[in-house]
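Presented below is the structure to which this report refers.
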Number of protein chains: 4
Amino acid sequence: MVAVVAQGSASAEPPRTRRGSRSRESIRVAARRAFRDAGYASARVSDIAEDAGFSNGAFYRYFADKEAVMLSLVEDLLADAIEFAHAPWEEDQPAESIVVTTERYLNFYSANSDLFQVLVEASQSNARVEEIWAKARDQVVQRVARMVSRAKHLEIARGDIDTQMAAVLLVCMTDHYAYLRFILNRVPARPIEQAARDITTIWANGAFVVAEG
Amino acid sequence: MVAVVAQGSASAEPPRTRRGSRSRESIRVAARRAFRDAGYASARVSDIAEDAGFSNGAFYRYFADKEAVMLSLVEDLLADAIEFAHAPWEEDQPAESIVVTTERYLNFYSANSDLFQVLVEASQSNARVEEIWAKARDQVVQRVARMVSRAKHLEIARGDIDTQMAAVLLVCMTDHYAYLRFILNRVPARPIEQAARDITTIWANGAFVVAEG
Amino acid sequence: MVAVVAQGSASAEPPRTRRGSRSRESIRVAARRAFRDAGYASARVSDIAEDAGFSNGAFYRYFADKEAVMLSLVEDLLADAIEFAHAPWEEDQPAESIVVTTERYLNFYSANSDLFQVLVEASQSNARVEEIWAKARDQVVQRVARMVSRAKHLEIARGDIDTQMAAVLLVCMTDHYAYLRFILNRVPARPIEQAARDITTIWANGAFVVAEG
Amino acid sequence: MVAVVAQGSASAEPPRTRRGSRSRESIRVAARRAFRDAGYASARVSDIAEDAGFSNGAFYRYFADKEAVMLSLVEDLLADAIEFAHAPWEEDQPAESIVVTTERYLNFYSANSDLFQVLVEASQSNARVEEIWAKARDQVVQRVARMVSRAKHLEIARGDIDTQMAAVLLVCMTDHYAYLRFILNRVPARPIEQAARDITTIWANGAFVVAEG
DNA sequence: GATGAATGAGCATTCATTCAT
DNA sequence: CATGAATGAATGCTCATTCAT
């Protein structure tokens, strides 16, 4: 006796055939487009299905519901973001490492701003999204924090600053800048390379001249 | 002949009597509560009306729809935020001025985090909200930019940094930190006074020790 | 013990003062305007009150509801129509009498087409209106029928035609022509005097040449 | 890849399957019934759906709204009316042709008086309905006018009468008679065949004896 | 008399989801 | 696998009418 799964039920079993995989992928693509065009909240399952070339009901063979596609997209996005932005960090030149990572991240954000917008929007109403986003953020924060910690030992970083806080603030600055820039288009469009450098400079050295003495 | 105005509908006329003003205010209060509890998108007009102790229809005497109350709340929030955080800036001690303003802002944000959450959520789907938020942000950015500009002349600020960008980044850092802290509770809860100082220090002096020359 | 009437209740007692009469009249005028602009069904009591320069509630001092004003207007309209169109009928020149009456009626219809439109619209949903309209129509039909009857005795009218039917058809023709012309504007605008003559000619003598014999 | 169309909403797509066609039709039938029983304005979409044996939402798969079903019914009604009443016209016996057409029209009106009532009611508030009705009317008027014109050439019709006006008046008389008779029941119920003959006689030959000499 | 605040019933419409074919 | 028909819950909004002041 084989276990029988209810037809089209909320189980959304993974597709078994190659054709099935292609179908699932085309739904993901269509969903991304629909979210971009209408926003996550307003996009309708029927829009997605239609755009993917399927009937209404077919959607449910591949995803339990709209949330499921969104999660699938957003999870990949965050995983890719972390992988893409990752760069080996030079112990003795932490600032330079940050420039590189930041630039990569901004590029990635720019290229995927539609999904980042979904991420931001969905995180408002969807605790699961907020959580995986928090996890991803934390991963980055911890990485930066470790770097700062090492820099402190090397006496490259100031000793009077809270490590966690410093890391958090770098992430805040970068993430919110990316949001204002690539999603809202509310800040001047500096060259990304330059923006990355600015962020790093501000964070690492500050906007002000150091009082000598 | 006294000019008389038609009944409710989408007009949302101002109340004529003191009783009306009180009613309008209690609807605002109820809306704020409802948005906090259910989120802006999910809150129902009927919840608001009921919570305010009114029938469904009474709501529409004072606000055209849910969006209208929300806008009313959010506009006040931003106006208050700017007013509240405002502090005279000392020409020669710009950093100290920023600490004060930042601390005030964080305190204000903390006290009104429920409304800030509404602001963030609504700005995702409501262009009007996004816009007034952008305007408010810009006001602050410009204020910071002017200060940086002066500091450059006094040679307190580094000359090799873009004024606008520096200002934007301070705002990004502060705003996103406040969001992570008071709305998402995703960062450690430092004392607000300390957090303000951290933000200012990072932004003004950087996380790293200046290589001496 | 004096009978006490509930305040502003559905009784709509007649106004006692001159000022009251003026107020009532201005509401009637405003109602007519509102019905013309929005149609009877869509016109709102608040529109009427506002237009008349009163508050919402004041309306109910003068009329029980929207239907009551409408009935008041429509009753007057029909009474006026009959009175206005009335003309002494010459025994021996019935056709000429009809021309005169028809012309008067068309002129009256033209001058009051807004109210006739209300009459038509309201009669669809309001049995009372339909009924008083029917009564008015019947009055006219009977008058015409009496004339036809006399004409038959004088052998001016054909004997092979049903008196009632002939009368009804004259009224049908006139009324519907007026409707198409003054309300719908769907027929060419002949001079009213000419139109009255046409109607009478067709009805009295027919469109065709009589086969002689 | 099969083209797939999105779900319902205000699109009212045609049914794809036979089952769908049947459903659509039963909704039309139910709508007609509902309009008859409650009037167009008062009939509720939910009444229609329920009467058709469907859930509320099913209605919207086939019609955008109440107006759409109504239009669908009314358009068919007018098309059918014109087709049904059409009869070949004998050049030399125009009156006889009119009798036949009129009788057919009255029979059709009688059999569909419920829909004609909807037509009349809806035309009061719905410009689209008024327009298609006007078009249908005009078609008939033009047909009659052509006939009158020919009759004038044959000197069967009087030369001193306006062709358009004569045609319009025949239509006015017939249409309004049908309305008073089959919808309002306000005129005596002559046999339809007789009524058609009366209308034609009055219109063609007049109610009066022709003054000889 | 007059005001305007408050009531509350009433209905259309959307859309995620299921299921018969 | 795929279709598309059907479900049905959920809620915003209007406006005639009442009534406290």
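All residue names refer to the structure tokens as shown: chains lettered A, B, ... in order, residues numbered from 1 in each chain, ligands numbered from 1 in order.
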
Show me, as a tab-separated table, the residues of chain E having an atom within 10 Å of chain D, each with the closest atom pair and its distance in Å, using only C-alpha atoms (C1' of nucleotides).
residue	atom	partner	partner_atom	distance
E:DC11	C1'	D:Arg44	CA	7.4
E:DA12	C1'	D:Val45	CA	7.7
E:DT13	C1'	D:Gly57	CA	8.3
E:DT14	C1'	D:Ser9	CA	7.0
E:DC15	C1'	D:Ser9	CA	8.5

Which residues of chain B have any atom within 9 Å of an atom in chain A when counting only C-alpha atoms, and what is the closest pair of atoms for each, with the distance in Å to one decimal? Order the rows by chain and rising number and write it as JSON lines.
{"residue": "B:Gly39", "atom": "CA", "partner": "A:Ser125", "partner_atom": "CA", "distance": 7.6}
{"residue": "B:Ala41", "atom": "CA", "partner": "A:Ser125", "partner_atom": "CA", "distance": 8.5}
{"residue": "B:Ala95", "atom": "CA", "partner": "A:Phe208", "partner_atom": "CA", "distance": 8.8}
{"residue": "B:Gln117", "atom": "CA", "partner": "A:Gln124", "partner_atom": "CA", "distance": 8.5}
{"residue": "B:Val120", "atom": "CA", "partner": "A:Gln124", "partner_atom": "CA", "distance": 8.1}
{"residue": "B:Glu121", "atom": "CA", "partner": "A:Gln124", "partner_atom": "CA", "distance": 6.0}
{"residue": "B:Gln124", "atom": "CA", "partner": "A:Glu121", "partner_atom": "CA", "distance": 6.0}
{"residue": "B:Ser125", "atom": "CA", "partner": "A:Gly39", "partner_atom": "CA", "distance": 7.6}
{"residue": "B:Glu130", "atom": "CA", "partner": "A:Leu184", "partner_atom": "CA", "distance": 8.5}
{"residue": "B:Ala134", "atom": "CA", "partner": "A:Arg186", "partner_atom": "CA", "distance": 7.2}
{"residue": "B:Asp138", "atom": "CA", "partner": "A:Arg186", "partner_atom": "CA", "distance": 8.9}
{"residue": "B:Val148", "atom": "CA", "partner": "A:Ala207", "partner_atom": "CA", "distance": 8.4}
{"residue": "B:Ala151", "atom": "CA", "partner": "A:Phe208", "partner_atom": "CA", "distance": 8.2}
{"residue": "B:Lys152", "atom": "CA", "partner": "A:Phe208", "partner_atom": "CA", "distance": 8.6}
{"residue": "B:Glu155", "atom": "CA", "partner": "A:Val209", "partner_atom": "CA", "distance": 7.5}
{"residue": "B:Ile156", "atom": "CA", "partner": "A:Val209", "partner_atom": "CA", "distance": 5.5}
{"residue": "B:Ala157", "atom": "CA", "partner": "A:Phe208", "partner_atom": "CA", "distance": 4.1}
{"residue": "B:Arg158", "atom": "CA", "partner": "A:Phe208", "partner_atom": "CA", "distance": 5.3}
{"residue": "B:Gly159", "atom": "CA", "partner": "A:Val209", "partner_atom": "CA", "distance": 8.8}
{"residue": "B:Ile161", "atom": "CA", "partner": "A:Ala207", "partner_atom": "CA", "distance": 7.2}
{"residue": "B:Asp162", "atom": "CA", "partner": "A:Asp198", "partner_atom": "CA", "distance": 7.9}
{"residue": "B:Gln164", "atom": "CA", "partner": "A:Pro188", "partner_atom": "CA", "distance": 8.4}
{"residue": "B:Met165", "atom": "CA", "partner": "A:Asp198", "partner_atom": "CA", "distance": 7.5}
{"residue": "B:Ala166", "atom": "CA", "partner": "A:Ala207", "partner_atom": "CA", "distance": 6.9}
{"residue": "B:Val168", "atom": "CA", "partner": "A:Val187", "partner_atom": "CA", "distance": 7.7}
{"residue": "B:Leu169", "atom": "CA", "partner": "A:Met173", "partner_atom": "CA", "distance": 6.1}
{"residue": "B:Leu170", "atom": "CA", "partner": "A:Met173", "partner_atom": "CA", "distance": 7.6}
{"residue": "B:Val171", "atom": "CA", "partner": "A:Met173", "partner_atom": "CA", "distance": 8.3}
{"residue": "B:Cys172", "atom": "CA", "partner": "A:Met173", "partner_atom": "CA", "distance": 5.2}
{"residue": "B:Met173", "atom": "CA", "partner": "A:Met173", "partner_atom": "CA", "distance": 4.3}
{"residue": "B:Thr174", "atom": "CA", "partner": "A:Cys172", "partner_atom": "CA", "distance": 8.0}
{"residue": "B:Asp175", "atom": "CA", "partner": "A:His176", "partner_atom": "CA", "distance": 8.2}
{"residue": "B:His176", "atom": "CA", "partner": "A:Cys172", "partner_atom": "CA", "distance": 5.4}
{"residue": "B:Tyr177", "atom": "CA", "partner": "A:Cys172", "partner_atom": "CA", "distance": 6.0}
{"residue": "B:Leu180", "atom": "CA", "partner": "A:Cys172", "partner_atom": "CA", "distance": 8.5}
{"residue": "B:Leu184", "atom": "CA", "partner": "A:Glu130", "partner_atom": "CA", "distance": 8.5}
{"residue": "B:Arg186", "atom": "CA", "partner": "A:Ala134", "partner_atom": "CA", "distance": 7.2}
{"residue": "B:Val187", "atom": "CA", "partner": "A:Val168", "partner_atom": "CA", "distance": 7.7}
{"residue": "B:Pro188", "atom": "CA", "partner": "A:Met165", "partner_atom": "CA", "distance": 8.1}
{"residue": "B:Arg190", "atom": "CA", "partner": "A:Met165", "partner_atom": "CA", "distance": 8.8}
{"residue": "B:Ala195", "atom": "CA", "partner": "A:Met165", "partner_atom": "CA", "distance": 8.1}
{"residue": "B:Asp198", "atom": "CA", "partner": "A:Ile161", "partner_atom": "CA", "distance": 7.2}
{"residue": "B:Ile199", "atom": "CA", "partner": "A:Leu169", "partner_atom": "CA", "distance": 7.3}
{"residue": "B:Thr201", "atom": "CA", "partner": "A:Gly206", "partner_atom": "CA", "distance": 7.6}
{"residue": "B:Ile202", "atom": "CA", "partner": "A:Trp203", "partner_atom": "CA", "distance": 5.8}
{"residue": "B:Trp203", "atom": "CA", "partner": "A:Gly206", "partner_atom": "CA", "distance": 4.9}
{"residue": "B:Ala204", "atom": "CA", "partner": "A:Gly206", "partner_atom": "CA", "distance": 4.3}
{"residue": "B:Asn205", "atom": "CA", "partner": "A:Gly206", "partner_atom": "CA", "distance": 3.7}
{"residue": "B:Gly206", "atom": "CA", "partner": "A:Asn205", "partner_atom": "CA", "distance": 3.7}
{"residue": "B:Ala207", "atom": "CA", "partner": "A:Ala204", "partner_atom": "CA", "distance": 4.6}
{"residue": "B:Phe208", "atom": "CA", "partner": "A:Ala157", "partner_atom": "CA", "distance": 4.1}
{"residue": "B:Val209", "atom": "CA", "partner": "A:Ala157", "partner_atom": "CA", "distance": 5.2}
{"residue": "B:Val210", "atom": "CA", "partner": "A:Asn205", "partner_atom": "CA", "distance": 6.9}
{"residue": "B:Ala211", "atom": "CA", "partner": "A:Ile156", "partner_atom": "CA", "distance": 8.2}

Got time to write the residues from that selection, C-alpha atoms, as an mmCIF file, in the first residue's frame?
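Written output follows (result_10.cif):
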data_model
loop_
_atom_site.group_PDB
_atom_site.id
_atom_site.type_symbol
_atom_site.label_atom_id
_atom_site.label_comp_id
_atom_site.auth_asym_id
_atom_site.auth_seq_id
_atom_site.Cartn_x
_atom_site.Cartn_y
_atom_site.Cartn_z
ATOM 1 C CA GLY B 39 -1.021 45.875 11.633
ATOM 2 C CA ALA B 41 -3.204 46.184 6.478
ATOM 3 C CA ALA B 95 29.369 65.927 17.208
ATOM 4 C CA GLN B 117 5.816 50.527 12.434
ATOM 5 C CA VAL B 120 7.116 51.530 7.630
ATOM 6 C CA GLU B 121 4.345 49.144 6.715
ATOM 7 C CA GLN B 124 5.330 49.817 1.282
ATOM 8 C CA SER B 125 1.989 50.064 -0.366
ATOM 9 C CA GLU B 130 6.353 56.972 1.162
ATOM 10 C CA ALA B 134 10.855 60.950 2.061
ATOM 11 C CA ASP B 138 15.154 64.898 3.324
ATOM 12 C CA VAL B 148 28.811 68.961 7.545
ATOM 13 C CA ALA B 151 32.337 71.724 9.460
ATOM 14 C CA LYS B 152 34.258 71.329 6.249
ATOM 15 C CA GLU B 155 38.208 72.044 8.642
ATOM 16 C CA ILE B 156 36.654 69.960 11.328
ATOM 17 C CA ALA B 157 35.183 67.611 8.743
ATOM 18 C CA ARG B 158 37.209 65.729 6.228
ATOM 19 C CA GLY B 159 37.323 67.338 2.851
ATOM 20 C CA ILE B 161 33.949 62.989 1.753
ATOM 21 C CA ASP B 162 30.761 63.785 -0.118
ATOM 22 C CA GLN B 164 25.263 64.628 0.909
ATOM 23 C CA MET B 165 26.434 61.073 1.203
ATOM 24 C CA ALA B 166 27.730 61.626 4.683
ATOM 25 C CA VAL B 168 22.444 60.339 4.122
ATOM 26 C CA LEU B 169 24.510 57.701 5.813
ATOM 27 C CA LEU B 170 23.987 59.182 9.250
ATOM 28 C CA VAL B 171 20.282 59.124 8.682
ATOM 29 C CA CYS B 172 20.385 55.579 7.317
ATOM 30 C CA MET B 173 22.280 54.349 10.297
ATOM 31 C CA THR B 174 20.090 56.054 12.828
ATOM 32 C CA ASP B 175 16.801 55.190 11.217
ATOM 33 C CA HIS B 176 17.576 51.586 10.573
ATOM 34 C CA TYR B 177 19.052 51.105 13.980
ATOM 35 C CA LEU B 180 15.837 47.059 14.309
ATOM 36 C CA LEU B 184 11.907 44.356 15.455
ATOM 37 C CA ARG B 186 16.595 42.398 16.837
ATOM 38 C CA VAL B 187 19.546 44.214 18.355
ATOM 39 C CA PRO B 188 20.829 44.336 21.895
ATOM 40 C CA ARG B 190 21.831 49.390 24.909
ATOM 41 C CA ALA B 195 23.351 54.150 21.556
ATOM 42 C CA ASP B 198 27.788 55.117 19.596
ATOM 43 C CA ILE B 199 26.073 56.167 16.434
ATOM 44 C CA THR B 201 31.044 58.258 17.327
ATOM 45 C CA ILE B 202 31.004 55.762 14.502
ATOM 46 C CA TRP B 203 29.706 58.309 12.081
ATOM 47 C CA ALA B 204 31.950 61.147 13.178
ATOM 48 C CA ASN B 205 35.157 59.372 14.075
ATOM 49 C CA GLY B 206 34.875 55.871 12.694
ATOM 50 C CA ALA B 207 35.367 52.501 14.225
ATOM 51 C CA PHE B 208 39.021 52.372 13.562
ATOM 52 C CA VAL B 209 42.011 53.999 15.050
ATOM 53 C CA VAL B 210 43.443 56.617 12.819
ATOM 54 C CA ALA B 211 46.738 55.671 11.470
#

Mind doing a quick least-squares superposition of chain A onto chain B, all C-alpha atoms paired one-to-one in order, and writing it out as a compact mmCIF listing (two decimals) with C-alpha atoms, in the first residue's frame?
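Saved result, superposed-v1.txt, follows:
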# COMPACT_ATOMS: atom_id res chain seq x y z
CA MET A 1 -28.70 79.22 0.32
CA VAL A 2 -26.18 77.33 2.23
CA ALA A 3 -24.03 74.78 0.53
CA VAL A 4 -25.17 71.40 1.65
CA VAL A 5 -22.71 68.61 2.13
CA ALA A 6 -23.80 65.09 1.50
CA GLN A 7 -24.34 63.18 4.70
CA GLY A 8 -21.33 61.22 5.90
CA SER A 9 -19.80 61.55 2.49
CA ALA A 10 -16.12 61.28 1.76
CA SER A 11 -15.68 64.89 2.72
CA ALA A 12 -14.89 64.34 6.36
CA GLU A 13 -15.43 67.93 7.35
CA PRO A 14 -13.72 68.98 10.53
CA PRO A 15 -15.92 68.66 13.57
CA ARG A 16 -17.60 71.86 14.61
CA THR A 17 -18.37 71.15 18.21
CA ARG A 18 -16.17 70.27 21.14
CA ARG A 19 -17.91 66.93 21.39
CA GLY A 20 -17.12 66.36 17.77
CA SER A 21 -13.47 67.08 18.40
CA ARG A 22 -13.39 64.61 21.21
CA SER A 23 -15.02 61.99 19.04
CA ARG A 24 -12.52 62.56 16.29
CA GLU A 25 -9.69 62.24 18.72
CA SER A 26 -11.02 59.03 20.21
CA ILE A 27 -11.16 57.59 16.72
CA ARG A 28 -7.54 58.52 16.18
CA VAL A 29 -6.60 56.85 19.41
CA ALA A 30 -8.58 53.76 18.54
CA ALA A 31 -7.02 53.66 15.10
CA ARG A 32 -3.55 53.81 16.55
CA ARG A 33 -4.39 50.93 18.83
CA ALA A 34 -5.94 48.93 16.02
CA PHE A 35 -2.95 49.52 13.76
CA ARG A 36 -0.64 48.42 16.50
CA ASP A 37 -2.59 45.28 17.20
CA ALA A 38 -3.41 44.17 13.71
CA GLY A 39 -1.13 46.14 11.46
CA TYR A 40 -2.36 48.89 9.20
CA ALA A 41 -3.37 46.64 6.34
CA SER A 42 -5.31 44.20 8.46
CA ALA A 43 -6.99 46.63 10.81
CA ARG A 44 -10.64 47.05 9.95
CA VAL A 45 -12.55 50.26 10.03
CA SER A 46 -15.14 48.50 12.09
CA ASP A 47 -12.56 47.55 14.68
CA ILE A 48 -11.53 51.15 14.99
CA ALA A 49 -15.06 52.42 15.26
CA GLU A 50 -16.00 49.81 17.79
CA ASP A 51 -12.95 50.45 19.90
CA ALA A 52 -13.72 54.14 19.85
CA GLY A 53 -17.22 53.42 21.05
CA PHE A 54 -18.95 54.30 17.84
CA SER A 55 -21.05 52.60 15.27
CA ASN A 56 -19.61 51.64 11.99
CA GLY A 57 -20.96 54.58 10.08
CA ALA A 58 -19.82 57.21 12.58
CA PHE A 59 -16.25 56.71 11.52
CA TYR A 60 -16.99 58.31 8.21
CA ARG A 61 -18.16 61.52 9.77
CA TYR A 62 -14.62 62.18 10.89
CA PHE A 63 -12.42 60.55 8.34
CA ALA A 64 -12.88 59.85 4.69
CA ASP A 65 -11.46 56.37 5.08
CA LYS A 66 -8.86 54.28 6.81
CA GLU A 67 -6.11 55.95 4.85
CA ALA A 68 -7.16 59.32 6.14
CA VAL A 69 -6.79 58.43 9.81
CA MET A 70 -3.51 56.79 9.10
CA LEU A 71 -2.24 59.86 7.29
CA SER A 72 -3.40 62.06 10.08
CA LEU A 73 -1.49 59.96 12.59
CA VAL A 74 1.60 59.65 10.49
CA GLU A 75 1.79 63.32 9.62
CA ASP A 76 1.64 64.27 13.26
CA LEU A 77 4.21 61.63 14.06
CA LEU A 78 6.74 63.03 11.65
CA ALA A 79 6.10 66.62 12.64
CA ASP A 80 6.52 65.70 16.28
CA ALA A 81 9.61 63.67 15.57
CA ILE A 82 11.34 66.59 13.93
CA GLU A 83 10.26 69.00 16.58
CA PHE A 84 11.14 66.69 19.41
CA ALA A 85 14.56 65.77 18.13
CA HIS A 86 15.49 69.31 17.29
CA ALA A 87 18.26 70.72 19.37
CA PRO A 88 20.44 73.77 18.88
CA TRP A 89 23.68 72.82 17.27
CA GLU A 90 26.93 74.03 18.59
CA GLU A 91 29.09 75.20 15.76
CA ASP A 92 32.31 74.05 17.27
CA GLN A 93 31.10 70.79 18.76
CA PRO A 94 29.08 69.24 16.00
CA ALA A 95 29.57 65.71 17.28
CA GLU A 96 28.11 66.57 20.63
CA SER A 97 25.10 68.15 18.97
CA ILE A 98 24.54 65.01 16.99
CA VAL A 99 24.66 62.87 20.07
CA VAL A 100 21.93 64.93 21.65
CA THR A 101 19.70 64.94 18.62
CA THR A 102 20.20 61.26 18.01
CA GLU A 103 19.41 60.38 21.55
CA ARG A 104 16.25 62.44 21.44
CA TYR A 105 15.25 60.83 18.22
CA LEU A 106 15.82 57.33 19.56
CA ASN A 107 13.80 58.15 22.63
CA PHE A 108 11.01 59.48 20.52
CA TYR A 109 11.15 56.47 18.24
CA SER A 110 11.07 54.16 21.18
CA ALA A 111 8.06 55.90 22.66
CA ASN A 112 6.21 55.83 19.36
CA SER A 113 7.46 52.64 17.83
CA ASP A 114 3.90 51.51 17.16
CA LEU A 115 3.31 54.48 14.88
CA PHE A 116 6.69 54.17 13.26
CA GLN A 117 5.76 50.64 12.38
CA VAL A 118 2.61 51.93 10.76
CA LEU A 119 4.71 54.45 8.92
CA VAL A 120 7.03 51.78 7.60
CA GLU A 121 4.21 49.46 6.65
CA ALA A 122 2.02 52.06 5.02
CA SER A 123 4.91 53.56 3.11
CA GLN A 124 5.17 50.28 1.24
CA SER A 125 1.81 50.63 -0.39
CA ASN A 126 0.92 54.26 0.01
CA ALA A 127 2.78 56.72 -2.16
CA ARG A 128 1.53 59.66 -0.16
CA VAL A 129 3.03 58.27 3.02
CA GLU A 130 6.25 57.44 1.33
CA GLU A 131 6.41 60.99 0.11
CA ILE A 132 5.80 62.77 3.37
CA TRP A 133 8.27 60.45 4.99
CA ALA A 134 10.79 61.31 2.30
CA LYS A 135 10.18 64.99 2.93
CA ALA A 136 10.75 64.62 6.63
CA ARG A 137 13.87 62.60 6.02
CA ASP A 138 15.12 65.16 3.61
CA GLN A 139 14.62 67.91 6.11
CA VAL A 140 16.88 66.08 8.51
CA VAL A 141 19.38 65.19 5.84
CA GLN A 142 19.64 68.80 4.78
CA ARG A 143 20.14 69.92 8.33
CA VAL A 144 22.94 67.45 8.81
CA ALA A 145 24.38 68.38 5.46
CA ARG A 146 24.49 72.03 6.40
CA MET A 147 26.28 71.13 9.55
CA VAL A 148 28.80 69.01 7.69
CA SER A 149 29.30 71.79 5.23
CA ARG A 150 30.09 74.23 7.99
CA ALA A 151 32.38 71.70 9.60
CA LYS A 152 34.23 71.37 6.36
CA HIS A 153 34.86 75.09 6.29
CA LEU A 154 36.12 74.90 9.82
CA GLU A 155 38.25 72.02 8.65
CA ILE A 156 36.75 69.86 11.31
CA ALA A 157 35.20 67.58 8.70
CA ARG A 158 37.19 65.76 6.13
CA GLY A 159 37.26 67.45 2.81
CA ASP A 160 37.33 64.26 0.80
CA ILE A 161 33.85 63.17 1.63
CA ASP A 162 30.61 64.00 -0.15
CA THR A 163 28.52 66.20 2.09
CA GLN A 164 25.15 64.86 1.00
CA MET A 165 26.33 61.31 1.20
CA ALA A 166 27.67 61.77 4.68
CA ALA A 167 24.40 63.23 5.83
CA VAL A 168 22.39 60.53 4.19
CA LEU A 169 24.47 57.83 5.76
CA LEU A 170 24.00 59.23 9.23
CA VAL A 171 20.28 59.21 8.74
CA CYS A 172 20.36 55.71 7.29
CA MET A 173 22.29 54.40 10.18
CA THR A 174 20.12 56.04 12.79
CA ASP A 175 16.80 55.22 11.22
CA HIS A 176 17.55 51.65 10.45
CA TYR A 177 19.08 51.08 13.84
CA ALA A 178 15.92 52.43 15.44
CA TYR A 179 13.84 50.16 13.26
CA LEU A 180 15.84 47.04 14.07
CA ARG A 181 15.92 47.93 17.70
CA PHE A 182 12.49 49.27 18.58
CA ILE A 183 10.28 47.61 16.05
CA LEU A 184 11.90 44.33 15.20
CA ASN A 185 13.81 43.87 18.44
CA ARG A 186 16.59 42.31 16.47
CA VAL A 187 19.58 44.06 17.98
CA PRO A 188 20.94 44.08 21.52
CA ALA A 189 19.28 46.66 23.73
CA ARG A 190 22.05 49.03 24.66
CA PRO A 191 21.08 52.01 26.79
CA ILE A 192 19.71 54.58 24.41
CA GLU A 193 22.17 57.21 25.55
CA GLN A 194 25.00 54.81 24.77
CA ALA A 195 23.53 53.86 21.42
CA ALA A 196 23.31 57.49 20.42
CA ARG A 197 26.91 57.96 21.37
CA ASP A 198 27.95 54.86 19.40
CA ILE A 199 26.20 56.00 16.31
CA THR A 200 27.74 59.39 16.50
CA THR A 201 31.19 58.04 17.19
CA ILE A 202 31.10 55.64 14.30
CA TRP A 203 29.77 58.24 11.96
CA ALA A 204 32.05 61.01 13.07
CA ASN A 205 35.26 59.19 13.85
CA GLY A 206 34.95 55.75 12.42
CA ALA A 207 35.48 52.34 13.82
CA PHE A 208 39.14 52.22 13.07
CA VAL A 209 42.20 53.80 14.46
CA VAL A 210 43.57 56.41 12.17
CA ALA A 211 46.76 55.44 10.57
CA GLU A 212 49.22 57.98 11.67
CA GLY A 213 51.78 59.56 9.49

Let me make sure I understand: among F:DA20, F:DA9, F:DA2, F:DC15, which one has the smallest atom-to-atom distance to chain B if we use only C-alpha atoms (C1' of nucleotides)?
F:DC15

Neighbours of chain C in chain F at 12 Å, counting only C-alpha atoms (C1' of nucleotides), as a PDB file with C-alpha atoms (C1' of nucleotides), in the first residue's frame:
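result03.pdb was written with the following content:
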ATOM      1  C1'  DT F  14     -23.428  54.746   1.847  1.00  0.00           C
ATOM      2  C1'  DC F  15     -27.170  57.174   3.360  1.00  0.00           C
ATOM      3  C1'  DA F  16     -31.840  57.605   5.250  1.00  0.00           C
ATOM      4  C1'  DT F  17     -33.255  58.560   9.657  1.00  0.00           C
ATOM      5  C1'  DT F  18     -33.176  59.697  14.624  1.00  0.00           C
ATOM      6  C1'  DC F  19     -32.163  62.439  18.572  1.00  0.00           C
ATOM      7  C1'  DA F  20     -29.542  65.046  22.083  1.00  0.00           C
TER       8       DA F  20
END

Mind checking DSSP for region 3-188 of chain D and telling me the alpha helix (DSSP H) residues as a PyMOL selection string?
chain D and resi 18-38+45-51+56-62+66-85+94-111+113-125+127-153+163-178
